[in-house]
$ cat run-v8.csv   # CSV, C-alpha atoms
chain,number,residue,atom,x,y,z
N,52,MET,CA,24.1,-2.3,-165.7
N,53,ALA,CA,20.5,-3.4,-166.2
N,54,GLU,CA,19.8,-2.6,-162.6
N,55,GLU,CA,20.7,1.1,-163.3
N,56,ALA,CA,18.2,1.5,-166.2
N,57,ARG,CA,14.5,1.8,-166.4
N,58,ASN,CA,13.0,-0.8,-168.8
N,59,PRO,CA,16.4,-2.3,-169.6
N,60,GLY,CA,15.0,-4.7,-172.1
N,61,ARG,CA,14.3,-1.8,-174.4
N,62,THR,CA,16.6,0.9,-173.1
N,63,ILE,CA,19.9,-0.9,-173.2
N,64,PRO,CA,19.6,-2.5,-176.7
N,65,LEU,CA,18.2,0.7,-178.2
N,66,GLY,CA,21.0,2.8,-176.5
N,67,MET,CA,23.7,0.4,-177.8
N,68,ILE,CA,22.3,0.4,-181.3
N,69,LEU,CA,22.0,4.2,-181.5
N,70,ALA,CA,25.4,4.7,-180.0
N,71,PHE,CA,27.0,2.3,-182.4
N,72,THR,CA,25.3,3.9,-185.4
N,73,ILE,CA,26.0,7.5,-184.4
N,74,VAL,CA,29.6,6.9,-183.3
N,75,THR,CA,30.3,4.9,-186.5
N,76,ALA,CA,29.0,7.8,-188.6
N,77,PHE,CA,31.1,10.3,-186.7
N,78,TYR,CA,34.2,8.2,-187.0
N,79,GLY,CA,33.7,7.7,-190.7
N,80,LEU,CA,33.2,11.4,-191.3
N,81,ALA,CA,36.3,12.3,-189.1
N,82,ILE,CA,38.5,9.8,-190.9
N,83,PHE,CA,37.2,11.1,-194.2
N,84,VAL,CA,38.2,14.7,-193.3
N,85,ALA,CA,41.6,13.6,-191.9
N,86,VAL,CA,42.5,11.6,-194.9
N,87,GLY,CA,41.4,14.3,-197.3
N,88,THR,CA,43.2,17.1,-195.4
N,89,LEU,CA,46.6,15.6,-194.5
N,90,ASP,CA,49.4,14.2,-196.7
N,91,ALA,CA,49.7,10.5,-196.4
N,92,ASN,CA,53.2,10.6,-194.8
N,93,VAL,CA,52.0,13.2,-192.2
N,94,LEU,CA,48.9,11.1,-191.4
N,95,ALA,CA,50.9,7.9,-191.1
N,96,GLY,CA,53.4,9.5,-188.7
N,97,SER,CA,50.9,11.2,-186.4
N,98,ARG,CA,49.6,9.8,-183.1
N,99,THR,CA,46.9,12.6,-183.0
N,100,PRO,CA,45.6,12.6,-186.6
N,101,LEU,CA,42.4,14.5,-185.8
N,102,SER,CA,44.2,17.3,-184.0
N,103,THR,CA,46.8,17.4,-186.7
N,104,ALA,CA,44.1,17.6,-189.3
N,105,ALA,CA,42.3,20.4,-187.4
N,106,ALA,CA,45.6,22.4,-187.0
N,107,SER,CA,46.3,22.1,-190.8
N,108,PHE,CA,43.2,24.2,-191.7
N,109,ALA,CA,42.2,25.9,-188.4
N,110,GLY,CA,45.6,26.6,-186.9
N,111,THR,CA,46.1,26.6,-183.1
N,112,PRO,CA,42.4,27.3,-182.3
N,113,GLY,CA,41.5,24.1,-184.1
N,114,LEU,CA,44.2,22.1,-182.3
N,115,LEU,CA,43.0,23.4,-178.9
N,116,ILE,CA,39.3,22.7,-179.7
N,117,LEU,CA,40.2,19.1,-180.6
N,118,ALA,CA,42.3,18.7,-177.5
N,119,ILE,CA,39.5,19.9,-175.2
N,120,ALA,CA,37.0,17.7,-177.0
N,121,ALA,CA,39.4,14.7,-176.5
N,122,LEU,CA,39.7,15.4,-172.8
N,123,VAL,CA,35.9,15.7,-172.4
N,124,ALA,CA,35.5,12.5,-174.3
N,125,PHE,CA,38.0,10.7,-172.1
N,126,ILE,CA,36.2,12.0,-168.9
N,127,THR,CA,32.8,10.8,-170.0
N,128,THR,CA,34.2,7.5,-171.1
N,129,GLY,CA,36.0,7.1,-167.8
N,130,ASN,CA,32.8,7.9,-165.9
N,131,ALA,CA,30.9,5.3,-167.8
N,132,GLY,CA,33.8,2.8,-167.4
N,133,ILE,CA,33.8,3.2,-163.6
N,134,LEU,CA,30.0,2.9,-163.5
N,135,SER,CA,30.0,-0.3,-165.4
N,136,ALA,CA,33.2,-1.7,-164.0
N,137,SER,CA,32.2,-1.2,-160.4
N,138,ARG,CA,28.9,-3.0,-161.1
N,139,THR,CA,30.8,-6.1,-162.2
N,140,PRO,CA,32.3,-7.0,-158.8
N,141,MET,CA,28.9,-6.0,-157.2
N,142,ALA,CA,27.1,-8.6,-159.3
N,143,MET,CA,29.8,-11.2,-158.9
N,144,SER,CA,29.7,-10.8,-155.1
N,145,LYS,CA,26.0,-11.4,-155.2
N,146,ASP,CA,26.7,-14.6,-157.1
N,147,GLY,CA,29.3,-15.7,-154.6
N,148,LEU,CA,32.2,-15.2,-157.0
N,149,LEU,CA,33.8,-12.4,-155.0
N,150,PRO,CA,33.7,-11.5,-151.3
N,151,GLY,CA,30.3,-10.1,-150.1
N,152,PHE,CA,31.6,-6.6,-149.1
N,153,LEU,CA,32.1,-5.7,-152.8
N,154,GLY,CA,28.3,-5.9,-153.2
N,155,ARG,CA,27.5,-3.4,-150.5
N,156,VAL,CA,25.7,-0.2,-151.6
N,157,ASN,CA,26.3,3.1,-150.0
N,158,ARG,CA,23.1,4.2,-148.2
N,159,ARG,CA,23.6,7.9,-149.0
N,160,PHE,CA,24.6,7.8,-152.6
N,161,GLY,CA,23.2,4.4,-153.7
N,162,THR,CA,26.5,3.4,-155.2
N,163,PRO,CA,28.7,0.2,-154.6
N,164,HIS,CA,31.5,2.2,-153.0
N,165,PHE,CA,33.7,-0.8,-152.3
N,166,GLY,CA,33.4,-1.9,-155.9
N,167,ILE,CA,34.3,1.6,-157.1
N,168,LEU,CA,37.3,1.7,-154.8
N,169,ALA,CA,38.5,-1.8,-155.9
N,170,THR,CA,38.2,-1.1,-159.6
N,171,GLY,CA,39.7,2.4,-159.2
N,172,ALA,CA,42.7,0.9,-157.4
N,173,ILE,CA,43.2,-1.7,-160.2
N,174,MET,CA,43.0,1.1,-162.8
N,175,ILE,CA,45.6,3.2,-160.9
N,176,VAL,CA,48.0,0.2,-160.6
N,177,ALA,CA,47.7,-0.4,-164.3
N,178,ILE,CA,48.3,3.2,-165.3
N,179,VAL,CA,51.4,3.5,-163.0
N,180,SER,CA,52.8,0.1,-164.0
N,181,LEU,CA,52.5,0.2,-167.8
N,182,ASP,CA,53.6,2.6,-170.5
N,183,LEU,CA,50.8,4.3,-172.5
N,184,VAL,CA,51.0,2.0,-175.6
N,185,THR,CA,51.1,-1.2,-173.6
N,186,LEU,CA,48.3,0.0,-171.3
N,187,VAL,CA,46.1,0.8,-174.3
N,188,LYS,CA,46.8,-2.5,-175.9
N,189,VAL,CA,46.2,-4.6,-172.8
N,190,ALA,CA,43.0,-2.7,-172.0
N,191,SER,CA,41.8,-3.1,-175.6
N,192,THR,CA,42.7,-6.8,-175.6
N,193,MET,CA,40.7,-7.5,-172.4
N,194,LYS,CA,37.8,-5.5,-173.8
N,195,ILE,CA,37.9,-7.4,-177.0
N,196,ILE,CA,38.0,-10.7,-175.2
N,197,LEU,CA,35.1,-9.6,-173.1
N,198,PHE,CA,33.1,-8.9,-176.2
N,199,LEU,CA,34.1,-12.3,-177.7
N,200,LEU,CA,33.0,-14.1,-174.5
N,201,VAL,CA,29.6,-12.3,-174.6
N,202,ASN,CA,29.0,-13.8,-178.0
N,203,VAL,CA,30.1,-17.2,-176.7
N,204,ALA,CA,27.8,-16.8,-173.7
N,205,VAL,CA,24.8,-16.0,-175.9
N,206,ILE,CA,25.3,-19.2,-177.8
N,207,MET,CA,25.8,-21.2,-174.6
N,208,MET,CA,22.6,-19.8,-173.1
N,209,ARG,CA,20.5,-20.4,-176.2
N,210,GLU,CA,21.8,-23.9,-176.8
N,211,SER,CA,21.5,-25.0,-173.2
N,212,ARG,CA,17.7,-24.5,-173.5
N,213,ILE,CA,17.4,-23.6,-169.9
N,214,GLN,CA,13.8,-23.0,-169.0
N,215,HIS,CA,14.2,-19.8,-167.2
N,216,TYR,CA,16.4,-18.1,-169.7
N,217,ARG,CA,13.9,-15.6,-171.1
N,218,PRO,CA,15.6,-12.4,-172.3
N,219,THR,CA,13.3,-9.5,-173.2
N,220,PHE,CA,15.6,-8.8,-176.2
N,221,ARG,CA,16.9,-11.4,-178.5
N,222,SER,CA,19.7,-10.8,-180.9
N,223,PRO,CA,18.6,-11.0,-184.5
N,224,LEU,CA,20.3,-13.3,-187.1
N,225,TYR,CA,21.3,-15.8,-184.4
N,226,PRO,CA,23.9,-17.5,-184.6
N,227,TRP,CA,25.4,-15.8,-187.6
N,228,VAL,CA,26.0,-12.4,-185.8
N,229,GLN,CA,27.6,-14.2,-182.8
N,230,GLY,CA,29.7,-16.5,-185.0
N,231,ALA,CA,31.0,-13.5,-187.1
N,232,GLY,CA,31.7,-11.6,-183.9
N,233,ILE,CA,33.8,-14.5,-182.4
N,234,LEU,CA,35.9,-14.8,-185.5
N,235,LEU,CA,36.5,-11.0,-186.0
N,236,TYR,CA,37.3,-10.5,-182.3
N,237,GLY,CA,39.6,-13.5,-182.3
N,238,PHE,CA,41.5,-11.9,-185.3
N,239,LEU,CA,41.7,-8.5,-183.4
N,240,VAL,CA,43.1,-10.2,-180.3
N,241,PHE,CA,45.7,-12.0,-182.4
N,242,LYS,CA,46.8,-8.6,-183.9
N,243,MET,CA,47.4,-7.0,-180.5
N,244,GLY,CA,50.8,-8.5,-180.2
N,245,PHE,CA,52.8,-10.7,-177.8
N,246,VAL,CA,53.2,-8.3,-174.9
N,247,ALA,CA,49.5,-7.5,-174.7
N,248,LEU,CA,48.5,-11.2,-175.0
N,249,THR,CA,51.0,-12.3,-172.4
N,250,LEU,CA,49.8,-9.7,-169.8
N,251,THR,CA,46.2,-10.6,-170.6
N,252,GLY,CA,46.9,-14.3,-170.3
N,253,ALA,CA,48.5,-13.7,-166.8
N,254,PHE,CA,45.4,-11.8,-165.7
N,255,PHE,CA,43.1,-14.6,-166.9
N,256,GLY,CA,45.4,-17.2,-165.2
N,257,GLY,CA,45.1,-15.3,-161.9
N,258,SER,CA,41.3,-15.2,-162.4
N,259,LEU,CA,41.2,-18.9,-163.0
N,260,LEU,CA,43.2,-19.5,-159.8
N,261,TRP,CA,40.9,-17.3,-157.8
N,262,TYR,CA,37.9,-19.2,-159.2
N,263,VAL,CA,39.3,-22.6,-158.3
N,264,GLY,CA,40.6,-21.5,-154.9
N,265,TYR,CA,37.7,-19.2,-153.7
N,266,VAL,CA,34.6,-20.1,-155.6
N,267,GLY,CA,35.3,-23.8,-155.5
N,268,ILE,CA,35.3,-23.7,-151.7
N,269,HIS,CA,32.5,-21.2,-151.1
N,270,ARG,CA,30.0,-22.2,-153.7
N,271,ARG,CA,29.2,-25.0,-156.1
N,272,ARG,CA,27.9,-23.6,-159.4
N,273,ASP,CA,26.5,-25.0,-162.5
N,274,SER,CA,26.7,-23.4,-165.9
N,275,ALA,CA,25.0,-23.2,-169.3
N,276,LEU,CA,28.0,-25.0,-170.8
N,277,ILE,CA,27.4,-28.0,-168.6
N,278,GLN,CA,23.7,-28.0,-169.6
N,279,VAL,CA,24.8,-28.0,-173.3
N,280,VAL,CA,27.2,-30.9,-172.7
N,281,ARG,CA,24.5,-32.9,-170.9
N,282,ARG,CA,22.0,-32.3,-173.7
N,283,VAL,CA,24.4,-33.4,-176.4
N,284,THR,CA,25.9,-36.4,-174.6
N,285,ASP,CA,22.9,-38.0,-172.8
N,286,ARG,CA,19.4,-36.8,-172.8
N,287,ASP,CA,18.4,-39.0,-170.0
N,288,LEU,CA,21.0,-37.8,-167.5
N,289,GLU,CA,19.6,-36.3,-164.4
N,290,PRO,CA,20.7,-32.7,-164.4
N,291,SER,CA,22.3,-31.0,-161.4
N,292,GLY,CA,21.5,-27.5,-162.6
N,293,ALA,CA,18.9,-26.8,-160.0
N,294,ALA,CA,21.0,-23.9,-158.7
N,295,LEU,CA,21.2,-22.3,-162.1
N,296,GLU,CA,17.5,-22.7,-162.8
N,297,SER,CA,16.6,-21.3,-159.4
N,298,GLU,CA,18.9,-18.3,-159.9
N,299,LEU,CA,17.4,-17.5,-163.3
N,300,ARG,CA,13.9,-17.9,-161.9
N,301,GLU,CA,14.7,-15.3,-159.2
N,302,ILE,CA,16.0,-13.0,-161.9
N,303,LEU,CA,12.8,-13.4,-163.8
N,304,LYS,CA,10.7,-12.6,-160.7
N,305,GLU,CA,12.8,-9.5,-159.9
N,306,ARG,CA,12.8,-8.3,-163.5
N,307,ASP,CA,9.1,-8.8,-164.1
N,308,ASP,CA,8.0,-7.7,-160.6
N,309,ILE,CA,6.4,-11.1,-160.0
N,310,VAL,CA,4.7,-11.3,-156.6
N,311,GLU,CA,3.9,-14.9,-155.6
N,312,ASP,CA,0.2,-15.6,-155.1
N,313,ARG,CA,-1.9,-18.5,-153.8
N,314,PHE,CA,-1.5,-20.4,-157.1
N,315,ASP,CA,2.3,-20.2,-156.7
N,316,SER,CA,2.0,-21.6,-153.2
N,317,LEU,CA,-0.1,-24.5,-154.5
N,318,THR,CA,2.5,-25.2,-157.2
N,319,HIS,CA,5.3,-25.2,-154.7
N,320,GLU,CA,3.5,-27.6,-152.4
N,321,CYS,CA,1.8,-29.9,-154.9
N,322,THR,CA,2.8,-33.4,-155.9
N,323,ILE,CA,4.2,-33.9,-159.4
N,324,LEU,CA,4.2,-37.3,-161.0
N,325,ASP,CA,6.1,-38.4,-164.1
N,326,ARG,CA,4.2,-41.4,-165.6
N,327,PRO,CA,6.5,-43.5,-167.7
N,328,GLU,CA,4.1,-45.6,-169.7
N,329,ARG,CA,1.0,-45.2,-171.9
N,330,GLU,CA,-2.2,-45.9,-169.9
N,331,SER,CA,-5.9,-45.4,-169.9
N,332,VAL,CA,-7.5,-42.5,-168.0
N,333,TRP,CA,-9.0,-45.1,-165.6
N,334,ASP,CA,-5.6,-46.6,-164.8
N,335,PHE,CA,-4.2,-43.1,-164.3
N,336,PHE,CA,-7.0,-42.2,-161.9
N,337,ARG,CA,-6.4,-45.5,-160.0
N,338,GLY,CA,-2.7,-44.7,-159.9
N,339,ILE,CA,-3.1,-41.3,-158.4
N,340,SER,CA,-5.9,-42.0,-156.0
N,341,GLY,CA,-3.6,-43.3,-153.3
N,342,THR,CA,-1.5,-40.1,-153.4
N,343,LEU,CA,-4.6,-37.9,-153.3
N,344,SER,CA,-6.3,-39.9,-150.5
N,345,GLU,CA,-3.4,-39.0,-148.2
N,346,GLN,CA,-3.6,-35.3,-149.0
N,347,LEU,CA,-7.4,-35.1,-148.7
N,348,GLY,CA,-7.9,-37.5,-145.7
N,349,MET,CA,-10.3,-39.6,-147.8
N,350,SER,CA,-10.3,-43.3,-148.7
N,351,GLU,CA,-8.6,-44.2,-152.0
N,352,ASP,CA,-11.7,-45.8,-153.4
N,353,ARG,CA,-13.8,-42.6,-152.7
N,354,VAL,CA,-11.2,-40.4,-154.5
N,355,TYR,CA,-11.2,-42.8,-157.4
N,356,GLU,CA,-15.0,-42.8,-157.5
N,357,LEU,CA,-15.2,-39.0,-157.6
N,358,LEU,CA,-12.6,-38.7,-160.4
N,359,VAL,CA,-14.5,-41.4,-162.5
N,360,GLU,CA,-17.9,-39.7,-161.9
N,361,ARG,CA,-16.6,-36.3,-163.0
N,362,GLU,CA,-14.9,-37.8,-166.1
N,363,ARG,CA,-18.1,-39.6,-167.1
N,364,GLU,CA,-20.2,-36.5,-166.9
N,365,SER,CA,-18.0,-34.8,-169.5
N,366,THR,CA,-14.4,-35.4,-170.5
N,367,THR,CA,-11.8,-33.2,-168.8
N,368,ALA,CA,-9.5,-33.4,-171.8
N,369,LEU,CA,-9.8,-29.8,-172.9
N,370,ARG,CA,-7.5,-29.8,-175.9
N,371,PRO,CA,-5.0,-32.2,-177.5
N,372,GLY,CA,-2.3,-33.0,-174.9
N,373,LEU,CA,-4.0,-31.3,-171.9
N,374,ALA,CA,-6.6,-32.5,-169.3
N,375,ILE,CA,-7.8,-30.8,-166.1
N,376,PRO,CA,-9.7,-33.3,-164.0
N,377,HIS,CA,-11.4,-31.4,-161.1
N,378,ILE,CA,-13.6,-32.6,-158.3
N,379,VAL,CA,-15.4,-31.3,-155.3
N,380,VAL,CA,-14.5,-32.9,-152.0
N,381,GLU,CA,-15.9,-32.8,-148.5
N,382,GLY,CA,-14.8,-30.3,-145.8
N,383,GLU,CA,-14.1,-26.6,-145.7
N,384,GLY,CA,-11.2,-24.5,-146.9
N,385,VAL,CA,-9.7,-27.4,-148.8
N,386,PHE,CA,-7.9,-26.9,-152.1
N,387,ARG,CA,-5.2,-29.1,-153.5
N,388,MET,CA,-3.5,-29.6,-156.9
N,389,LEU,CA,-1.6,-32.5,-158.5
N,390,LEU,CA,0.4,-32.3,-161.7
N,391,ALA,CA,1.4,-35.2,-163.9
N,392,ARG,CA,3.3,-35.7,-167.1
N,393,SER,CA,3.0,-38.7,-169.4
N,394,ARG,CA,5.6,-38.9,-172.1
N,395,GLU,CA,3.8,-41.8,-173.8
N,396,GLY,CA,0.3,-40.3,-173.2
N,397,ILE,CA,-2.8,-40.9,-171.2
N,398,VAL,CA,-5.8,-42.1,-173.3
N,399,PHE,CA,-9.0,-40.2,-172.3
N,400,GLY,CA,-11.0,-41.6,-175.2
N,401,GLU,CA,-10.6,-43.7,-178.3
N,402,ASP,CA,-11.4,-40.7,-180.5
N,403,LYS,CA,-9.1,-38.3,-178.6
N,404,PRO,CA,-5.3,-37.7,-178.9
N,405,PRO,CA,-3.2,-38.8,-175.9
N,406,VAL,CA,-2.8,-36.4,-173.0
N,407,HIS,CA,0.7,-35.5,-171.8
N,408,ALA,CA,-0.1,-32.8,-169.2
N,409,VAL,CA,-2.6,-33.3,-166.5
N,410,PHE,CA,-3.6,-30.8,-163.8
N,411,VAL,CA,-5.8,-32.4,-161.1
N,412,LEU,CA,-7.7,-29.8,-159.0
N,413,MET,CA,-9.5,-30.7,-155.8
N,414,GLY,CA,-11.5,-28.3,-153.7
N,415,SER,CA,-14.3,-28.1,-151.1
N,416,ALA,CA,-17.6,-26.4,-152.0
N,417,ASP,CA,-16.7,-23.2,-150.2
N,418,GLU,CA,-13.6,-22.9,-152.5
N,419,ARG,CA,-15.7,-22.9,-155.7
N,420,ASN,CA,-14.7,-19.3,-156.6
N,421,TYR,CA,-11.0,-20.1,-156.2
N,422,HIS,CA,-11.5,-23.3,-158.1
N,423,LEU,CA,-12.6,-21.2,-161.1
N,424,ARG,CA,-9.6,-18.9,-160.7
N,425,ALA,CA,-7.2,-21.8,-160.6
N,426,LEU,CA,-8.7,-23.1,-163.8
N,427,MET,CA,-8.2,-19.7,-165.3
N,428,HIS,CA,-4.5,-19.7,-164.2
N,429,VAL,CA,-3.9,-23.2,-165.7
N,430,ALA,CA,-5.6,-22.1,-169.0
N,431,GLN,CA,-3.4,-18.9,-169.2
N,432,ILE,CA,-0.2,-20.9,-168.6
N,433,THR,CA,-1.0,-23.7,-171.0
N,434,GLN,CA,-2.1,-21.5,-173.9
N,435,ASP,CA,1.6,-20.5,-174.4
N,436,PRO,CA,2.4,-21.8,-177.9
N,437,GLY,CA,5.6,-23.4,-176.5
N,438,PHE,CA,4.1,-25.0,-173.5
N,439,ASP,CA,3.7,-28.6,-174.8
N,440,GLU,CA,7.2,-28.7,-176.1
N,441,LYS,CA,8.7,-27.4,-172.8
N,442,TRP,CA,6.5,-29.8,-170.8
N,443,LEU,CA,7.7,-32.8,-172.7
N,444,ALA,CA,11.3,-31.7,-172.8
N,445,ALA,CA,11.6,-30.9,-169.0
N,446,ALA,CA,14.3,-33.1,-167.5
N,447,ASN,CA,12.6,-33.9,-164.2
N,448,THR,CA,9.6,-33.0,-161.9
N,449,GLU,CA,11.3,-29.9,-160.5
N,450,HIS,CA,11.7,-28.5,-164.0
N,451,LEU,CA,8.0,-29.2,-164.6
N,452,ARG,CA,7.2,-27.2,-161.4
N,453,ASN,CA,9.4,-24.3,-162.6
N,454,ILE,CA,7.5,-24.2,-166.0
N,455,ILE,CA,4.3,-23.5,-164.0
N,456,LEU,CA,5.9,-21.1,-161.6
N,457,VAL,CA,7.3,-18.8,-164.3
N,458,GLY,CA,4.4,-19.3,-166.8
N,459,GLU,CA,2.8,-16.2,-168.2
N,460,ARG,CA,-0.5,-15.5,-166.4
N,461,ARG,CA,-2.3,-12.6,-164.8
N,462,ARG,CA,-1.7,-12.4,-161.1
N,463,ASP,CA,-4.4,-10.9,-158.9
N,464,ALA,CA,-3.3,-8.8,-155.9
N,465,SER,CA,-6.3,-10.0,-153.9
N,466,ASP,CA,-5.1,-13.6,-154.6
N,467,GLY,CA,-2.0,-13.2,-152.4
N,468,ALA,CA,-0.5,-16.2,-150.7

$ encode --input "run-v8.csv" --output "structure tokens"
Amino acid sequence: MAEEARNPGRTIPLGMILAFTIVTAFYGLAIFVAVGTLDANVLAGSRTPLSTAAASFAGTPGLLILAIAALVAFITTGNAGILSASRTPMAMSKDGLLPGFLGRVNRRFGTPHFGILATGAIMIVAIVSLDLVTLVKVASTMKIILFLLVNVAVIMMRESRIQHYRPTFRSPLYPWVQGAGILLYGFLVFKMGFVALTLTGAFFGGSLLWYVGYVGIHRRRDSALIQVVRRVTDRDLEPSGAALESELREILKERDDIVEDRFDSLTHECTILDRPERESVWDFFRGISGTLSEQLGMSEDRVYELLVERERESTTALRPGLAIPHIVVEGEGVFRMLLARSREGIVFGEDKPPVHAVFVLMGSADERNYHLRALMHVAQITQDPGFDEKWLAAANTEHLRNIILVGERRRDASDGA
């Protein structure tokens, strides 16, 4: 539904909170009037308590007004239900969970017409097949389970610590709100009765068979739950969640209208090293000179000499934990970048704290202006208060690359790739 809203990070939470508050107030007032108007026995035996209450003091006109209001309410609810329900298969088809045709959008109306037809057909089958009470209970049970799973999903996504999970709205009082929701929804599901639970279980069983039979063949997916298990059981396991990370990164780019620029291209192409041991800055320079010499077409000794000369002029360790060695190389139109992480730390001086994040920038003299802009980009990304923690916690070099790609910085349109 976020695709259908402007500024969904603000609009959807605000709309939900206002709707919940206003509807709860109306429900409370309506129940107050019905209880105060009707005798307890009459109220207990009525399936239309509001209409019965209206008829008791306003006669037939009151009954008709409530009946019309109920019909209008059902129409608006059905409209919203079709809108949201049809977007579910549309989104699932994009993720490879359902056939691709369900994600097609009508060119004239801009609606997922196949998704609307599919969900409408399911609704018609349910209405024809079930009596009213069972239909209401089954629909309510599925809706409650959906709400329950939303709370579970929030906990899974938070605890997975996936780098690219960056919602614009965060639920307050986490995880107490979600825990209370899971318990209360679980109690409501239990109260729905055997028939509703059986039919709902059959639906979920069919969904599971579809997932195993269709999704298992067409697409291998990772999940936040798997990320949580890996994090709890073994911190050194090499994660296979690249697909999930890439998917979330694409969502961020689309949501925030991120257009990749030259610095993004540099980040995609650059070498990233994970240095396992504590070492001096000179040993580090010697260790990376071979890699840089191949990229720059220079001798390894010359690259090492330039790095040492620049460091001796003034240290490139700009703050605790961060260093940005940068050198000018021969040639024209040359600009390269190398990233490195050292969990144990690189010593840039006896009186300086160890450095864990190193950005090595190399450019020819004619790229001096872009050299300064690249320095600005690095500074903007690394000034994030959580950068150091994320950098050290990243599972592998691709996760390090992703930290830079989605880091918050100002992108210049004239700096396009």

$ closest_residue --input "run-v8.csv" --among "N:Ala446, N:Val86, N:Ala105, N:Val457" --to "Arg217 (chain N)" --atoms "all atoms listed in the file"
N:Val457

$ atom_distance --input "run-v8.csv" --atom1 "CA of Val205 (chain N)" --atom2 "CA of Ala231 (chain N)"
13.0 Å

$ atom_distance --input "run-v8.csv" --atom1 "CA of Ala425 (chain N)" --atom2 "CA of Trp333 (chain N)"
23.9 Å

$ atom_distance --input "run-v8.csv" --atom1 "CA of Gly230 (chain N)" --atom2 "CA of Ile206 (chain N)"
8.9 Å

$ closest_residue --input "run-v8.csv" --among "N:Tyr236, N:Val385, N:Leu451, N:Lys242" --to "Ala416 (chain N)" --atoms "only C-alpha atoms"
N:Val385

$ closest_residue --input "run-v8.csv" --among "N:Ala374, N:Val379, N:Leu149, N:Met141" --to "Arg353 (chain N)" --atoms "only C-alpha atoms"
N:Val379

$ residues_around --input "run-v8.csv" --residues "Ala204 (chain N)" --least-positions-apart "2" --cutoff "12 Å" --atoms "only C-alpha atoms" --output "JSON, numbers by chain"
{"N": [196, 197, 198, 199, 200, 201, 202, 206, 207, 208, 209, 210, 211, 226, 229, 230, 233, 274, 275, 276, 279]}

$ residues_around --input "run-v8.csv" --residues "Glu360 (chain N)" --least-positions-apart "6" --cutoff "12 Å" --atoms "all atoms listed in the file" --output "list in words"
Trp333, Phe336, Arg353, Val354, Thr366, Thr367, Pro376, His377, Ile378 and Val379 of chain N

$ closest_residue --input "run-v8.csv" --among "N:Leu369, N:Val429, N:Leu250, N:Ile116" --to "Ser180 (chain N)" --atoms "only C-alpha atoms"
N:Leu250

$ closest_residue --input "run-v8.csv" --among "N:Ala408, N:Val203, N:Leu134, N:Leu183" --to "Gly171 (chain N)" --atoms "all atoms listed in the file"
N:Leu134

$ closest_residue --input "run-v8.csv" --among "N:Gly96, N:Pro150, N:Thr185, N:Arg329" --to "Gly244 (chain N)" --atoms "only C-alpha atoms"
N:Thr185

$ residues_around --input "run-v8.csv" --residues "Asp334 (chain N)" --least-positions-apart "5" --cutoff "12 Å" --atoms "all atoms listed in the file" --output "PyMOL selection string"
chain N and resi 326+328-329+339-340+355+358-359+397-399
